[in-house]
file coords12.cif (mmCIF, C-alpha atoms)
data_start
loop_
_atom_site.label_atom_id
_atom_site.label_comp_id
_atom_site.auth_asym_id
_atom_site.auth_seq_id
_atom_site.Cartn_x
_atom_site.Cartn_y
_atom_site.Cartn_z
CA MET K 468 -11.85 -17.58 -4.82
CA LYS K 469 -11.18 -19.29 -1.50
CA MET K 470 -8.60 -17.38 0.55
CA GLU K 471 -6.07 -19.58 2.35
CA ASN K 472 -3.28 -17.07 3.00
CA ILE K 473 -5.09 -13.82 3.79
CA LEU K 474 -7.93 -12.71 6.05
CA ILE K 475 -10.35 -9.90 5.19
CA GLU K 476 -12.38 -8.12 7.84
CA LYS K 477 -14.82 -5.32 7.10
CA GLN K 478 -15.59 -2.75 9.79
CA GLU K 479 -18.16 -0.33 8.40
CA ASN K 480 -16.32 1.60 5.66
CA ILE K 481 -12.86 0.20 6.48
CA ALA K 482 -11.42 -3.16 5.43
CA ILE K 483 -8.48 -4.83 7.17
CA VAL K 484 -6.47 -7.29 5.08
CA THR K 485 -4.17 -9.56 7.09
CA ILE K 486 -1.51 -11.70 5.46
CA ASN K 487 -1.89 -14.92 7.42
CA ARG K 488 1.19 -17.12 7.04
CA PRO K 489 2.72 -16.73 10.52
CA GLU K 490 4.72 -19.96 10.23
CA LYS K 491 6.54 -18.38 7.24
CA LEU K 492 6.64 -14.89 8.82
CA ASN K 493 3.98 -13.97 6.23
CA ALA K 494 6.42 -14.41 3.32
CA LEU K 495 4.93 -13.73 -0.11
CA ASN K 496 4.53 -16.69 -2.43
CA LYS K 497 2.67 -16.86 -5.73
CA ALA K 498 -0.56 -18.00 -4.10
CA THR K 499 -0.50 -15.15 -1.56
CA ILE K 500 0.21 -12.55 -4.25
CA LEU K 501 -2.74 -13.85 -6.28
CA GLU K 502 -5.04 -13.83 -3.24
CA LEU K 503 -3.98 -10.29 -2.38
CA HIS K 504 -4.72 -9.20 -5.94
CA GLU K 505 -8.18 -10.74 -5.82
CA GLY K 506 -8.84 -9.36 -2.34
CA PHE K 507 -7.85 -5.81 -3.24
CA LYS K 508 -9.83 -6.01 -6.49
CA MET K 509 -12.94 -7.15 -4.61
CA LEU K 510 -12.61 -4.43 -1.96
CA ASN K 511 -11.98 -1.74 -4.57
CA GLU K 512 -15.22 -2.71 -6.30
CA ASP K 513 -17.17 -2.61 -3.01
CA ALA K 514 -18.74 0.84 -2.82
CA THR K 515 -19.08 0.58 0.97
CA ILE K 516 -15.31 0.30 1.50
CA LYS K 517 -13.58 3.70 1.59
CA ALA K 518 -10.17 2.71 2.99
CA ILE K 519 -8.10 -0.46 3.28
CA ILE K 520 -5.51 -1.36 5.92
CA ILE K 521 -3.02 -4.15 5.23
CA THR K 522 -1.00 -5.83 7.96
CA GLY K 523 0.61 -9.14 8.87
CA SER K 524 -0.53 -11.78 11.35
CA GLY K 525 1.32 -12.21 14.61
CA GLU K 526 3.71 -9.84 16.34
CA LYS K 527 6.93 -10.59 14.47
CA ALA K 528 6.42 -9.69 10.84
CA PHE K 529 4.42 -7.63 8.39
CA VAL K 530 6.01 -9.61 5.54
CA ALA K 531 9.51 -11.00 6.03
CA GLY K 532 10.19 -11.23 2.29
CA ALA K 533 9.41 -13.39 -0.69
CA ASP K 534 9.30 -17.17 -0.54
CA ILE K 535 12.81 -17.87 -1.88
CA SER K 536 12.14 -21.58 -2.36
CA GLU K 537 9.79 -20.75 -5.23
CA PHE K 538 12.42 -19.09 -7.42
CA ALA K 539 15.85 -20.36 -6.33
CA HIS K 540 16.10 -22.49 -9.51
CA PHE K 541 14.77 -19.87 -11.95
CA SER K 542 16.49 -18.87 -15.19
CA GLU K 543 17.01 -15.26 -16.36
CA GLU K 544 13.79 -15.42 -18.35
CA ASP K 545 11.88 -16.92 -15.43
CA GLY K 546 13.19 -14.20 -13.10
CA GLY K 547 12.11 -11.41 -15.42
CA LYS K 548 8.65 -12.91 -15.78
CA LEU K 549 8.37 -13.30 -11.99
CA ALA K 550 9.09 -9.62 -11.41
CA ALA K 551 6.82 -8.44 -14.21
CA LYS K 552 3.88 -10.58 -13.13
CA GLY K 553 4.27 -9.68 -9.46
CA GLN K 554 4.37 -5.97 -10.20
CA GLU K 555 1.31 -6.24 -12.43
CA LEU K 556 -0.77 -8.35 -10.05
CA LEU K 557 0.05 -6.70 -6.76
CA PHE K 558 2.58 -3.90 -6.37
CA ASP K 559 1.58 -1.60 -9.25
CA PHE K 560 -2.02 -2.69 -8.74
CA VAL K 561 -2.04 -1.49 -5.13
CA GLU K 562 -0.22 1.75 -5.93
CA ASN K 563 -2.84 2.66 -8.53
CA LEU K 564 -5.88 1.42 -6.60
CA SER K 565 -8.56 4.11 -6.34
CA THR K 566 -9.30 3.10 -2.74
CA PRO K 567 -6.63 4.35 -0.29
CA VAL K 568 -4.41 1.57 1.09
CA ILE K 569 -2.51 2.07 4.36
CA ALA K 570 0.23 -0.34 5.40
CA ALA K 571 0.24 -1.11 9.14
CA VAL K 572 3.79 -2.46 9.44
CA ASN K 573 3.77 -4.65 12.54
CA GLY K 574 7.31 -6.06 12.55
CA PHE K 575 9.80 -7.14 9.91
CA ALA K 576 9.15 -5.70 6.45
CA LEU K 577 11.97 -7.08 4.35
CA GLY K 578 12.44 -7.52 0.61
CA GLY K 579 9.05 -8.06 -0.96
CA GLY K 580 7.44 -7.08 2.33
CA LEU K 581 8.95 -3.60 2.27
CA GLU K 582 8.14 -3.38 -1.43
CA LEU K 583 4.50 -4.13 -0.64
CA ALA K 584 4.44 -1.53 2.14
CA MET K 585 5.98 1.05 -0.21
CA ALA K 586 3.36 0.29 -2.87
CA CYS K 587 0.67 1.32 -0.39
CA HIS K 588 -0.35 4.96 -0.33
CA PHE K 589 1.35 5.54 3.03
CA ARG K 590 2.67 3.62 6.02
CA VAL K 591 2.29 3.43 9.81
CA ALA K 592 4.82 1.32 11.74
CA SER K 593 4.90 -0.31 15.15
CA ASP K 594 7.87 0.60 17.31
CA ASN K 595 9.39 -2.86 16.84
CA ALA K 596 9.30 -2.69 13.03
CA ARG K 597 12.48 -3.33 11.06
CA MET K 598 12.70 -2.59 7.34
CA GLY K 599 15.18 -3.37 4.61
CA LEU K 600 15.89 -4.68 1.13
CA PRO K 601 18.40 -7.54 1.62
CA GLU K 602 18.19 -8.96 -1.92
CA VAL K 603 21.86 -8.36 -2.79
CA THR K 604 22.81 -10.95 -0.15
CA LEU K 605 21.13 -13.47 -2.46
CA GLY K 606 22.87 -12.22 -5.59
CA VAL K 607 19.78 -10.45 -6.91
CA ILE K 608 18.20 -6.98 -6.68
CA PRO K 609 14.74 -5.90 -5.53
CA GLY K 610 12.34 -6.86 -8.31
CA TYR K 611 8.94 -5.72 -7.11
CA GLY K 612 9.57 -1.98 -7.48
CA GLY K 613 11.92 -1.58 -4.53
CA THR K 614 14.70 0.27 -6.36
CA GLN K 615 12.20 2.81 -7.66
CA ARG K 616 9.87 3.41 -4.73
CA LEU K 617 12.54 3.47 -2.03
CA SER K 618 14.45 6.22 -3.82
CA GLN K 619 11.20 8.16 -4.31
CA LEU K 620 10.43 7.99 -0.60
CA VAL K 621 13.82 8.43 1.08
CA GLY K 622 16.02 9.91 -1.65
CA LYS K 623 18.65 8.39 -3.93
CA GLY K 624 21.54 8.38 -1.46
CA ARG K 625 19.69 6.65 1.37
CA ALA K 626 18.13 4.17 -1.04
CA MET K 627 21.51 3.30 -2.52
CA GLU K 628 22.98 2.71 0.94
CA MET K 629 20.07 0.56 2.13
CA ILE K 630 20.10 -1.56 -1.02
CA MET K 631 23.89 -1.96 -1.28
CA THR K 632 24.49 -2.71 2.41
CA ALA K 633 21.35 -4.90 2.67
CA GLY K 634 20.96 -3.37 6.13
CA MET K 635 17.80 -2.95 8.16
CA ILE K 636 16.60 0.29 9.70
CA ASP K 637 14.34 0.61 12.72
CA ALA K 638 11.00 2.38 12.88
CA THR K 639 12.47 5.63 14.19
CA ALA K 640 14.96 5.87 11.32
CA ALA K 641 12.19 4.98 8.88
CA LYS K 642 10.08 7.87 10.15
CA GLU K 643 13.00 10.30 10.06
CA SER K 644 13.70 9.37 6.43
CA GLY K 645 10.08 9.65 5.33
CA LEU K 646 9.63 5.94 4.73
CA VAL K 647 6.79 5.81 7.28
CA ASN K 648 4.44 8.56 8.45
CA HIS K 649 3.92 7.49 12.07
CA VAL K 650 5.44 5.15 14.68
CA VAL K 651 3.26 3.81 17.51
CA ALA K 652 3.37 1.01 20.06
CA GLN K 653 2.57 -2.35 18.51
CA ALA K 654 -0.49 -2.78 20.72
CA ASP K 655 -1.89 0.49 19.35
CA LEU K 656 -0.98 0.00 15.69
CA ILE K 657 -4.29 -1.12 14.21
CA GLU K 658 -6.46 1.25 16.25
CA PHE K 659 -4.18 4.18 15.43
CA THR K 660 -4.25 3.30 11.73
CA LYS K 661 -8.02 2.89 11.84
CA GLY K 662 -8.18 6.38 13.32
CA ILE K 663 -6.44 7.78 10.25
CA ALA K 664 -8.64 5.67 7.97
CA SER K 665 -11.77 7.00 9.71
CA LYS K 666 -10.71 10.54 8.79
CA ILE K 667 -10.26 9.46 5.17
CA VAL K 668 -13.67 7.80 4.85
CA ARG K 669 -15.45 11.03 5.84
CA ASN K 670 -14.12 12.72 2.72
CA SER K 671 -15.09 12.34 -0.92
CA SER K 672 -13.97 8.94 -2.23
CA VAL K 673 -14.30 10.28 -5.76
CA ALA K 674 -11.97 13.19 -5.05
CA ILE K 675 -9.53 10.93 -3.21
CA SER K 676 -9.28 8.56 -6.18
CA LYS K 677 -8.57 11.53 -8.46
CA ALA K 678 -5.92 12.77 -6.03
CA ILE K 679 -4.22 9.35 -6.00
CA GLN K 680 -4.04 9.44 -9.80
CA ALA K 681 -2.61 12.94 -9.80
CA VAL K 682 0.06 12.28 -7.16
CA ASN K 683 1.13 9.03 -8.83
CA ALA K 684 1.37 10.79 -12.20
CA ASN K 685 4.35 12.78 -10.92
CA PHE K 686 6.37 9.57 -10.74
CA LYS K 687 5.50 8.13 -14.15
CA ASP K 688 7.91 8.60 -17.06
CA GLY K 689 6.49 10.65 -19.91
CA VAL K 690 3.51 11.84 -17.88
CA ASN K 691 3.01 15.49 -16.92
CA GLY K 692 1.64 15.41 -13.39
CA PHE K 693 0.45 19.01 -13.56
CA GLU K 694 -1.66 18.19 -16.62
CA VAL K 695 -3.17 15.18 -14.87
CA GLU K 696 -3.95 17.36 -11.85
CA ILE K 697 -5.68 19.95 -14.05
CA GLU K 698 -7.70 17.28 -15.85
CA ASN K 699 -8.74 15.55 -12.62
CA PHE K 700 -9.51 18.86 -10.91
CA GLY K 701 -11.87 19.73 -13.74
CA ALA K 702 -13.44 16.27 -13.73
CA CYS K 703 -14.38 16.68 -10.08
CA PHE K 704 -16.70 19.57 -11.01
CA GLY K 705 -18.97 17.16 -12.86
CA THR K 706 -19.53 14.85 -9.88
CA GLU K 707 -22.29 14.61 -7.30
CA HIS K 708 -19.61 14.71 -4.62
CA PHE K 709 -18.56 18.18 -5.73
CA LYS K 710 -22.15 19.37 -5.63
CA GLU K 711 -22.64 17.91 -2.16
CA GLY K 712 -19.32 19.19 -0.82
CA THR K 713 -19.78 22.78 -2.00
CA THR K 714 -23.45 22.87 -1.02
CA ALA K 715 -22.64 21.58 2.47
CA PHE K 716 -19.92 24.22 2.85
CA LEU K 717 -22.27 27.04 1.84
CA GLU K 718 -24.99 25.69 4.11
CA LYS K 719 -22.49 25.39 6.98
CA ARG K 720 -23.04 21.66 7.51
CA LYS K 721 -20.98 18.53 7.16
CA ALA K 722 -21.00 16.92 3.73
CA ASN K 723 -22.64 13.55 3.33
CA PHE K 724 -20.78 11.80 0.53
CA LYS K 725 -22.58 8.73 -0.77
#
call {"tool": "encode", "arguments": {"input": "coords12.cif", "output": "C-alpha cells"}}
result
Amino acid sequence: MKMENILIEKQENIAIVTINRPEKLNALNKATILELHEGFKMLNEDATIKAIIITGSGEKAFVAGADISEFAHFSEEDGGKLAAKGQELLFDFVENLSTPVIAAVNGFALGGGLELAMACHFRVASDNARMGLPEVTLGVIPGYGGTQRLSQLVGKGRAMEMIMTAGMIDATAAKESGLVNHVVAQADLIEFTKGIASKIVRNSSVAISKAIQAVNANFKDGVNGFEVEIENFGACFGTEHFKEGTTAFLEKRKANFK
C-alpha cells in the first residue's frame, strides 16, 4: 500500500519508521494506524531486518495523541470497537512482533503516543520528551492498552497518579520510574538508538523472537511464563542459530547468524 503518513528507511539490518504528520504533531488517526500495521508487518517479514526503530518527524513530538476529531461523535459501541481494532492492528501487534521494536521518543508522547511507545519492546527518550496519558480530561480513559502497560512499567501507584491527574512527566522522571531506558540529547537520539539496535542485530534473531514471547507471556492472563520459557528454551536447541552459536563459542570465534 502507498504510505502517506509514515516513512520507512532501511539501513543495513535496521529499519527506521518515522510517523510523518508534523502539522498534526504526528497524531494517530485511522489511516496512520493502518499504515503502521502494514509497515511493521512488511518489516517483520523481511529477513534482512533485525531491529526496528520508531520515531516521530520534527523536533516537537513523537506522537502527541490520537486524532480526537475522528471519534468525538462516537457512541459506546463505536468507542469499544475503536479500542479493540486499534489494539489488534497496532499496539498488541507491535508488542508481540518477533522483530525487536525500539521507540525513539523525540518529544511529546501523549495519549495514544505514549501507548504506542509502551507497546514497543523498550524506549529511549530525548531530553526534551514529555509523556502522559491525559484522556480523563476528555471524559474517557486510555483505550490502546495504556492502563495495563503503564502499570506494568512504572507500578500501580505511579500509573494511577499519572492517569488520574492527566499530568505529564519529563524524560528524567520517566527514566527514574522505568518508563524509558535511556535519556539523551535530542540531536543524538537516533544515533544512540541505532547503537543499541546494532548490538541487537549481532545476536540470534531466532533466539530474540523466542525471548520476546517468553517475556510477554509473564503479562498474559492464564499463561504460565515459566512454561513458555521452558518450551522456547527447548525449541532453540533445534535451530541452526543454536548450532552456530555454540559452535562459534567452542571455536572461540564470533557467531555468524544468518
call {"tool": "residues_around", "arguments": {"input": "coords12.cif", "residues": "range 686-695 of chain K", "least_positions_apart": "6", "cutoff": "10 Å", "atoms": "only C-alpha atoms", "output": "list of chain:residue names"}}
result
K:Gln615, K:Arg616, K:Gln619, K:Lys677, K:Ala678, K:Gln680, K:Gly701
call {"tool": "resolve_selection", "arguments": {"input": "coords12.cif", "expression": "the PyMOL selection byres ((chain K and resi 589) around 8)", "output": "list in words"}}
result
Val568, Ile569, Ala570, Ala584, Met585, Cys587, His588, Arg590, Val591, Val647 and Asn648 of chain K
call {"tool": "write_last_selection", "arguments": {"input": "coords12.cif", "atoms": "C-alpha atoms", "output": "short mmCIF file (atom, residue, chain, number, x, y, z; two decimals), in the frame of the given file"}}
result
data_model
loop_
_atom_site.label_atom_id
_atom_site.label_comp_id
_atom_site.auth_asym_id
_atom_site.auth_seq_id
_atom_site.Cartn_x
_atom_site.Cartn_y
_atom_site.Cartn_z
CA VAL K 568 -4.41 1.57 1.09
CA ILE K 569 -2.51 2.07 4.36
CA ALA K 570 0.23 -0.34 5.40
CA ALA K 584 4.44 -1.53 2.14
CA MET K 585 5.98 1.05 -0.21
CA CYS K 587 0.67 1.32 -0.39
CA HIS K 588 -0.35 4.96 -0.33
CA ARG K 590 2.67 3.62 6.02
CA VAL K 591 2.29 3.43 9.81
CA VAL K 647 6.79 5.81 7.28
CA ASN K 648 4.44 8.56 8.45
#
call {"tool": "closest_residue", "arguments": {"input": "coords12.cif", "among": "K:Ala531, K:Ser672, K:Glu490, K:Lys642", "to": "Thr706 in chain K", "atoms": "all atoms listed in the file"}}
result
K:Ser672
call {"tool": "closest_residue", "arguments": {"input": "coords12.cif", "among": "K:Ala533, K:Ala551, K:Ala539, K:Ala586", "to": "Leu600 in chain K", "atoms": "all atoms listed in the file"}}
result
K:Ala533
call {"tool": "residues_around", "arguments": {"input": "coords12.cif", "residues": "Ala518 in chain K", "least_positions_apart": "2", "cutoff": "10 Å", "atoms": "all atoms listed in the file", "output": "list in words"}}
result
Asn480, Ile481, Ala482, Ile483, Leu510, Asn511, Thr515, Ile516, Ile520, Ser565, Thr566, Pro567, Val568, Ile569, Lys661, Ile663, Ala664, Ser665, Lys666, Ile667, Val668 and Ser672 of chain K
call {"tool": "closest_residue", "arguments": {"input": "coords12.cif", "among": "K:Lys469, K:Ile535, K:Glu476, K:Lys725", "to": "Glu711 in chain K", "atoms": "all atoms listed in the file"}}
result
K:Lys725
call {"tool": "closest_residue", "arguments": {"input": "coords12.cif", "among": "K:His504, K:Lys710, K:Lys719, K:Arg625", "to": "Lys552 in chain K", "atoms": "all atoms listed in the file"}}
result
K:His504
call {"tool": "closest_residue", "arguments": {"input": "coords12.cif", "among": "K:Glu658, K:Glu698, K:Glu555, K:Glu582", "to": "Pro609 in chain K", "atoms": "all atoms listed in the file"}}
result
K:Glu582
call {"tool": "atom_distance", "arguments": {"input": "coords12.cif", "atom1": "CA of Phe575 in chain K", "atom2": "CA of Ala494 in chain K"}}
result
10.4 Å
call {"tool": "closest_residue", "arguments": {"input": "coords12.cif", "among": "K:Val651, K:Met470, K:Leu656, K:Ile675", "to": "Leu564 in chain K", "atoms": "all atoms listed in the file"}}
result
K:Ile675
call {"tool": "atom_distance", "arguments": {"input": "coords12.cif", "atom1": "CA of Glu479 in chain K", "atom2": "CA of Gly506 in chain K"}}
result
16.8 Å
call {"tool": "residues_around", "arguments": {"input": "coords12.cif", "residues": "Thr604 in chain K", "least_positions_apart": "4", "cutoff": "12 Å", "atoms": "all atoms listed in the file", "output": "mmCIF file with C-alpha atoms, keeping the file's coordinate frame"}}
result
data_model
loop_
_atom_site.group_PDB
_atom_site.id
_atom_site.type_symbol
_atom_site.label_atom_id
_atom_site.label_comp_id
_atom_site.auth_asym_id
_atom_site.auth_seq_id
_atom_site.Cartn_x
_atom_site.Cartn_y
_atom_site.Cartn_z
ATOM 1 C CA GLY K 578 12.440 -7.520 0.610
ATOM 2 C CA GLY K 599 15.180 -3.370 4.610
ATOM 3 C CA LEU K 600 15.890 -4.680 1.130
ATOM 4 C CA ILE K 608 18.200 -6.980 -6.680
ATOM 5 C CA PRO K 609 14.740 -5.900 -5.530
ATOM 6 C CA ILE K 630 20.100 -1.560 -1.020
ATOM 7 C CA MET K 631 23.890 -1.960 -1.280
ATOM 8 C CA THR K 632 24.490 -2.710 2.410
ATOM 9 C CA ALA K 633 21.350 -4.900 2.670
ATOM 10 C CA GLY K 634 20.960 -3.370 6.130
#
call {"tool": "resolve_selection", "arguments": {"input": "coords12.cif", "expression": "the PyMOL selection byres ((chain K and resi 595) around 10)", "output": "mmCIF file with C-alpha atoms, in the frame of the given file"}}
result
data_model
loop_
_atom_site.group_PDB
_atom_site.id
_atom_site.type_symbol
_atom_site.label_atom_id
_atom_site.label_comp_id
_atom_site.auth_asym_id
_atom_site.auth_seq_id
_atom_site.Cartn_x
_atom_site.Cartn_y
_atom_site.Cartn_z
ATOM 1 C CA GLU K 526 3.710 -9.840 16.340
ATOM 2 C CA LYS K 527 6.930 -10.590 14.470
ATOM 3 C CA ALA K 528 6.420 -9.690 10.840
ATOM 4 C CA VAL K 572 3.790 -2.460 9.440
ATOM 5 C CA ASN K 573 3.770 -4.650 12.540
ATOM 6 C CA GLY K 574 7.310 -6.060 12.550
ATOM 7 C CA PHE K 575 9.800 -7.140 9.910
ATOM 8 C CA ALA K 592 4.820 1.320 11.740
ATOM 9 C CA SER K 593 4.900 -0.310 15.150
ATOM 10 C CA ASP K 594 7.870 0.600 17.310
ATOM 11 C CA ALA K 596 9.300 -2.690 13.030
ATOM 12 C CA ARG K 597 12.480 -3.330 11.060
ATOM 13 C CA ASP K 637 14.340 0.610 12.720
ATOM 14 C CA ALA K 638 11.000 2.380 12.880
ATOM 15 C CA THR K 639 12.470 5.630 14.190
ATOM 16 C CA VAL K 650 5.440 5.150 14.680
ATOM 17 C CA VAL K 651 3.260 3.810 17.510
ATOM 18 C CA ALA K 652 3.370 1.010 20.060
ATOM 19 C CA GLN K 653 2.570 -2.350 18.510
#
call {"tool": "atom_distance", "arguments": {"input": "coords12.cif", "atom1": "CA of Leu501 in chain K", "atom2": "CA of Gln554 in chain K"}}
result
11.3 Å
call {"tool": "residues_around", "arguments": {"input": "coords12.cif", "residues": "Phe541 in chain K", "least_positions_apart": "6", "cutoff": "12 Å", "atoms": "all atoms listed in the file", "output": "ChimeraX atom specification"}}
result
/K:535,547-550,607
call {"tool": "resolve_selection", "arguments": {"input": "coords12.cif", "expression": "the PyMOL selection byres ((chain K and resi 558) around 8)", "output": "ChimeraX atom specification"}}
result
/K:553-557,559-562,582-583,586,611-612
call {"tool": "axis_aligned_box", "arguments": {"input": "coords12.cif", "around": "range 570-583 of chain K", "padding_each_side": "3 Å", "output": "JSON"}}
result
{"center_x": 6.3, "center_y": -4.2, "center_z": 5.6, "size_x": 18.2, "size_y": 13.7, "size_z": 20.0}
call {"tool": "residues_near_point", "arguments": {"input": "coords12.cif", "point": "(-6.2, -22.6, -1.3)", "cutoff": "10 Å", "atoms": "only C-alpha atoms", "output": "VMD selection string"}}
result
chain K and resid 468 to 472 498 to 499 502
call {"tool": "residues_around", "arguments": {"input": "coords12.cif", "residues": "Val484 in chain K", "least_positions_apart": "5", "cutoff": "7 Å", "atoms": "all atoms listed in the file", "output": "list of chain:residue names"}}
result
K:Ile473, K:Leu474, K:Ile475, K:Glu476, K:Ile520, K:Ile521, K:Thr522
call {"tool": "write_last_selection", "arguments": {"input": "coords12.cif", "atoms": "C-alpha atoms", "output": "tab-separated table (two decimals), in the frame of the given file"}}
result
chain	number	residue	atom	x	y	z
K	473	ILE	CA	-5.09	-13.82	3.79
K	474	LEU	CA	-7.93	-12.71	6.05
K	475	ILE	CA	-10.35	-9.90	5.19
K	476	GLU	CA	-12.38	-8.12	7.84
K	520	ILE	CA	-5.51	-1.36	5.92
K	521	ILE	CA	-3.02	-4.15	5.23
K	522	THR	CA	-1.00	-5.83	7.96
